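Q: As input, take entry.pdb (PDB, C-alpha atoms, pLDDT in the B column):
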```
ATOM      1  CA  MET V   1     -22.336 -87.993  48.625  1.00 74.00           C
ATOM      2  CA  ARG V   2     -21.869 -84.279  48.000  1.00 85.00           C
ATOM      3  CA  PHE V   3     -18.789 -82.676  46.423  1.00 91.00           C
ATOM      4  CA  GLY V   4     -17.513 -86.215  45.794  1.00 88.00           C
ATOM      5  CA  ILE V   5     -16.821 -86.617  49.520  1.00 92.00           C
ATOM      6  CA  PRO V   6     -18.595 -89.333  51.533  1.00 92.00           C
ATOM      7  CA  PRO V   7     -20.495 -88.192  54.666  1.00 92.00           C
ATOM      8  CA  GLN V   8     -18.065 -89.978  57.016  1.00 93.00           C
ATOM      9  CA  ARG V   9     -15.168 -87.976  55.592  1.00 94.00           C
ATOM     10  CA  MET V  10     -17.169 -84.751  55.740  1.00 93.00           C
ATOM     11  CA  ASP V  11     -17.663 -85.455  59.448  1.00 93.00           C
ATOM     12  CA  LEU V  12     -13.865 -85.511  59.888  1.00 95.00           C
ATOM     13  CA  ILE V  13     -13.570 -82.195  58.050  1.00 96.00           C
ATOM     14  CA  ILE V  14     -16.343 -80.616  60.125  1.00 95.00           C
ATOM     15  CA  ASN V  15     -14.831 -81.858  63.382  1.00 95.00           C
ATOM     16  CA  ALA V  16     -11.546 -80.231  62.355  1.00 96.00           C
ATOM     17  CA  LEU V  17     -13.363 -76.929  61.724  1.00 97.00           C
ATOM     18  CA  LYS V  18     -15.083 -77.099  65.116  1.00 95.00           C
ATOM     19  CA  GLN V  19     -11.698 -76.886  66.863  1.00 94.00           C
ATOM     20  CA  TRP V  20     -11.529 -73.153  66.161  1.00 94.00           C
ATOM     21  CA  GLN V  21     -14.295 -70.906  67.437  1.00 93.00           C
ATOM     22  CA  GLU V  22     -13.040 -68.160  65.112  1.00 95.00           C
ATOM     23  CA  ILE V  23     -14.398 -70.080  62.113  1.00 97.00           C
ATOM     24  CA  GLU V  24     -17.976 -68.932  61.517  1.00 96.00           C
ATOM     25  CA  GLN V  25     -18.626 -70.654  58.181  1.00 96.00           C
ATOM     26  CA  ALA V  26     -16.905 -72.879  55.654  1.00 97.00           C
ATOM     27  CA  ALA V  27     -17.792 -73.541  52.042  1.00 97.00           C
ATOM     28  CA  VAL V  28     -16.498 -75.636  49.176  1.00 97.00           C
ATOM     29  CA  PHE V  29     -15.773 -73.766  45.944  1.00 96.00           C
ATOM     30  CA  GLY V  30     -13.994 -74.426  42.670  1.00 93.00           C
ATOM     31  CA  SER V  31     -14.531 -77.678  40.788  1.00 91.00           C
ATOM     32  CA  ARG V  32     -16.104 -79.440  43.765  1.00 92.00           C
ATOM     33  CA  GLY V  33     -18.451 -76.523  44.397  1.00 90.00           C
ATOM     34  CA  ILE V  34     -19.461 -76.333  40.741  1.00 90.00           C
ATOM     35  CA  GLY V  35     -19.703 -80.098  40.360  1.00 88.00           C
ATOM     36  CA  ASN V  36     -17.180 -80.710  37.591  1.00 90.00           C
ATOM     37  CA  TYR V  37     -14.515 -82.268  39.828  1.00 91.00           C
ATOM     38  CA  LYS V  38     -12.622 -85.432  38.950  1.00 90.00           C
ATOM     39  CA  ASN V  39     -11.096 -88.147  41.111  1.00 86.00           C
ATOM     40  CA  GLY V  40      -8.021 -86.586  42.627  1.00 86.00           C
ATOM     41  CA  SER V  41      -9.333 -83.008  42.436  1.00 90.00           C
ATOM     42  CA  ASP V  42      -8.251 -80.908  45.384  1.00 94.00           C
ATOM     43  CA  VAL V  43     -10.817 -79.592  47.837  1.00 96.00           C
ATOM     44  CA  ASP V  44     -10.979 -75.796  47.799  1.00 96.00           C
ATOM     45  CA  ILE V  45     -12.413 -74.520  51.075  1.00 98.00           C
ATOM     46  CA  VAL V  46     -13.113 -70.907  51.944  1.00 98.00           C
ATOM     47  CA  ILE V  47     -13.465 -70.113  55.615  1.00 98.00           C
ATOM     48  CA  TYR V  48     -15.247 -67.065  56.972  1.00 97.00           C
ATOM     49  CA  GLY V  49     -14.688 -65.274  60.265  1.00 96.00           C
ATOM     50  CA  GLU V  50     -13.268 -61.917  61.288  1.00 93.00           C
ATOM     51  CA  GLY V  51     -11.131 -63.448  64.055  1.00 94.00           C
ATOM     52  CA  ILE V  52      -9.295 -65.970  61.883  1.00 97.00           C
ATOM     53  CA  THR V  53      -5.527 -65.530  61.961  1.00 96.00           C
ATOM     54  CA  ALA V  54      -2.780 -66.920  59.746  1.00 96.00           C
ATOM     55  CA  GLU V  55      -1.975 -69.352  62.568  1.00 96.00           C
ATOM     56  CA  VAL V  56      -5.538 -70.722  62.606  1.00 97.00           C
ATOM     57  CA  LEU V  57      -5.452 -71.154  58.830  1.00 97.00           C
ATOM     58  CA  ASN V  58      -2.056 -72.872  58.978  1.00 97.00           C
ATOM     59  CA  ARG V  59      -3.016 -75.228  61.804  1.00 97.00           C
ATOM     60  CA  LEU V  60      -6.262 -76.171  60.051  1.00 98.00           C
ATOM     61  CA  SER V  61      -4.328 -76.877  56.861  1.00 98.00           C
ATOM     62  CA  ILE V  62      -1.931 -79.157  58.755  1.00 97.00           C
ATOM     63  CA  GLU V  63      -4.857 -80.955  60.401  1.00 98.00           C
ATOM     64  CA  LEU V  64      -6.646 -81.583  57.100  1.00 97.00           C
ATOM     65  CA  ASN V  65      -3.634 -82.269  54.876  1.00 97.00           C
ATOM     66  CA  GLU V  66      -1.305 -84.142  57.210  1.00 96.00           C
ATOM     67  CA  LYS V  67      -2.989 -85.467  60.338  1.00 97.00           C
ATOM     68  CA  LEU V  68      -6.403 -86.724  59.272  1.00 96.00           C
ATOM     69  CA  PRO V  69      -6.762 -89.893  57.179  1.00 94.00           C
ATOM     70  CA  LEU V  70      -8.262 -88.095  54.186  1.00 95.00           C
ATOM     71  CA  PRO V  71      -7.265 -88.863  50.571  1.00 94.00           C
ATOM     72  CA  TYR V  72      -7.584 -85.259  49.387  1.00 95.00           C
ATOM     73  CA  TYR V  73      -5.431 -82.168  49.194  1.00 96.00           C
ATOM     74  CA  PHE V  74      -7.117 -79.176  50.843  1.00 97.00           C
ATOM     75  CA  ASP V  75      -6.523 -75.645  49.603  1.00 97.00           C
ATOM     76  CA  LEU V  76      -7.770 -73.188  52.240  1.00 98.00           C
ATOM     77  CA  VAL V  77      -8.460 -69.477  51.866  1.00 97.00           C
ATOM     78  CA  HIS V  78      -9.732 -66.928  54.365  1.00 97.00           C
ATOM     79  CA  TYR V  79     -12.419 -64.838  52.681  1.00 97.00           C
ATOM     80  CA  GLU V  80     -12.005 -61.673  54.740  1.00 96.00           C
ATOM     81  CA  THR V  81      -8.294 -61.348  53.883  1.00 95.00           C
ATOM     82  CA  LEU V  82      -8.530 -62.134  50.157  1.00 95.00           C
ATOM     83  CA  LYS V  83      -7.069 -59.389  47.990  1.00 95.00           C
ATOM     84  CA  ASN V  84      -7.730 -61.077  44.625  1.00 95.00           C
ATOM     85  CA  GLN V  85     -11.095 -59.709  43.455  1.00 94.00           C
ATOM     86  CA  GLU V  86     -11.446 -62.336  40.696  1.00 95.00           C
ATOM     87  CA  LEU V  87     -11.049 -65.146  43.226  1.00 94.00           C
ATOM     88  CA  LYS V  88     -13.608 -63.483  45.514  1.00 95.00           C
ATOM     89  CA  GLU V  89     -16.064 -63.324  42.620  1.00 93.00           C
ATOM     90  CA  GLN V  90     -15.435 -66.987  41.778  1.00 91.00           C
ATOM     91  CA  ILE V  91     -16.064 -67.908  45.413  1.00 95.00           C
ATOM     92  CA  ASP V  92     -19.212 -65.774  45.534  1.00 92.00           C
ATOM     93  CA  MET V  93     -20.574 -67.577  42.457  1.00 89.00           C
ATOM     94  CA  SER V  94     -19.595 -71.182  43.231  1.00 88.00           C
ATOM     95  CA  ALA V  95     -19.215 -71.572  47.006  1.00 94.00           C
ATOM     96  CA  LYS V  96     -21.536 -74.039  48.729  1.00 95.00           C
ATOM     97  CA  ILE V  97     -21.682 -73.601  52.502  1.00 95.00           C
ATOM     98  CA  PHE V  98     -21.412 -76.883  54.389  1.00 94.00           C
ATOM     99  CA  TYR V  99     -20.566 -75.658  57.894  1.00 94.00           C
ATOM    100  CA  LYS V 100     -21.660 -72.716  59.992  1.00 93.00           C
ATOM    101  CA  THR V 101     -21.839 -71.796  63.629  1.00 88.00           C
ATOM    102  CA  GLN V 102     -24.696 -70.041  65.311  1.00 71.00           C
ATOM    103  CA  GLY V 103     -23.457 -68.502  68.524  1.00 56.00           C
ATOM    104  CA  ASP V 104     -22.224 -71.380  70.665  1.00 47.00           C
ATOM    105  CA  ASP V 105     -24.078 -73.974  68.576  1.00 45.00           C
ATOM    106  CA  SER V 106     -22.072 -75.582  65.776  1.00 45.00           C
ATOM    107  CA  SER V 107     -24.033 -77.251  63.062  1.00 47.00           C
ATOM    108  CA  ARG V 108     -23.693 -78.754  59.649  1.00 44.00           C
ATOM    109  CA  LEU V 109     -26.022 -79.304  56.796  1.00 46.00           C
ATOM    110  CA  SER V 110     -27.357 -82.828  57.038  1.00 39.00           C
ATOM    111  CA  GLY V 111     -29.995 -85.258  55.853  1.00 36.00           C
ATOM    112  CA  ASP V 112     -30.673 -85.342  52.129  1.00 40.00           C
ATOM    113  CA  PHE V 113     -28.002 -82.681  51.559  1.00 41.00           C
ATOM    114  CA  TRP V 114     -25.204 -85.258  51.777  1.00 38.00           C
ATOM    115  CA  GLN V 115     -26.989 -87.789  49.594  1.00 39.00           C
ATOM    116  CA  GLN V 116     -27.302 -85.397  46.655  1.00 42.00           C
ATOM    117  CA  LYS V 117     -24.746 -85.568  43.899  1.00 41.00           C
ATOM    118  CA  ILE V 118     -23.188 -82.485  42.428  1.00 38.00           C
TER     119      ILE V 118
END
```
Kindly return the structure encoded in the file as structure tokens.
A:
Amino acid sequence: MRFGIPPQRMDLIINALKQWQEIEQAAVFGSRGIGNYKNGSDVDIVIYGEGITAEVLNRLSIELNEKLPLPYYFDLVHYETLKNQELKEQIDMSAKIFYKTQGDDSSRLSGDFWQQKI
């Protein structure tokens, strides 16, 4: 289990990300990225991609926070549109990429990655 999220639940998150081709990468940051999260900590996710619009971000938030059977609150930010330099620096230092696309091929980090504890 990585980030305090079981692999089966990460699969749901990744499948939600795959719905939008504009999303090139996604990473966990904040307490779950650093490893000092607690039960009930939100899941801070930064998504990367030049083509991501406010609508994509909003629809992904609805999917993760309202539609999927996940016991977490997701706080999403789009890296390319961030104006807060301090937040960008925090993301740069703590973000752990868990999803990225390569052309038409979507992939996720797998194997021992999900068994490690942070």
Q: Smallest atom-to-atom distance to Val46 of chain V: which of V:Ile62, V:Ile97, V:Ile13, V:Leu76, using all atoms listed in the file?
A: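 Among the listed residues, the smallest separation from Val46 of chain V belongs to V:Leu76.
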Q: Here is a test: counting all atoms listed in the file, which residue of V:Leu60, V:Leu68, V:Ile34, V:Ile23 is nearest to Lys96 of chain V?
A: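 Using all atoms listed in the file, Lys96 of chain V sits closest to V:Ile34.
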Q: Please evaluate the PyMOL selection byres ((chain V and resi 5) around 10) against the displayed coordinates and give the resulting residues as a VMD selection string.
A: chain V and resid 1 to 4 6 to 10 32 43 70 to 72 114 117
Q: Between V:Glu63, V:Asp75, V:Asp44, V:Glu22, which has the minimum distance to Ser94 of chain V (counting only C-alpha atoms)?
A: V:Asp44
Q: Run the PyMOL selection byres ((chain V and resi 100) around 6) mentally over the shown coordinates, then write out the matched residues as a tab-separated table (two decimals) with C-alpha atoms, in the frame of the given file, using the chain letters and numbers from the document.
A:
```
chain	number	residue	atom	x	y	z
V	24	GLU	CA	-17.98	-68.93	61.52
V	25	GLN	CA	-18.63	-70.65	58.18
V	99	TYR	CA	-20.57	-75.66	57.89
V	101	THR	CA	-21.84	-71.80	63.63
V	107	SER	CA	-24.03	-77.25	63.06
```
Q: Excluding segment 80-86 of chain V and residues on its chain fewer than 3 positions from it, collect all residues at most 7 Å away from it, counting all atoms listed in the file, and give them as a list in words.
A: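 My reading of the contact set: Tyr48, Glu50, Glu89 and Gln90 of chain V.
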Q: Could you please determine the separation between atom CA of Ile14 of chain V and atom CA of Asn39 of chain V in Å, to one decimal place?
A: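 Straight-line distance from atom CA of Ile14 of chain V to atom CA of Asn39 of chain V works out to 21.1 Å.
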Q: Neighbours of segment 91-93 of chain V within 8 Å (all atoms listed in the file; same-chain residues fewer than 2 positions away dropped), as a PyMOL selection string?
A: chain V and resi 29-30+46+87-89+95
Q: Using Å and a single decimal, report how far atom CA of Asn36 of chain V sits from atom CA of Arg59 of chain V.
A: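 Between atom CA of Arg59 of chain V and atom CA of Asn36 of chain V the gap is 28.6 Å.
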Q: So how many Å separate atom CA of Ser61 of chain V and atom CA of Ile47 of chain V, to one decimal?
A: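 Atom CA of Ile47 of chain V lies at a distance of 11.4 Å from atom CA of Ser61 of chain V.
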Q: Can you work out which one of V:Asp11, V:Tyr73, V:Leu57, V:Lys18 has the shortest atom-to-atom distance to Ser41 of chain V, counting all atoms listed in the file?
A: V:Tyr73
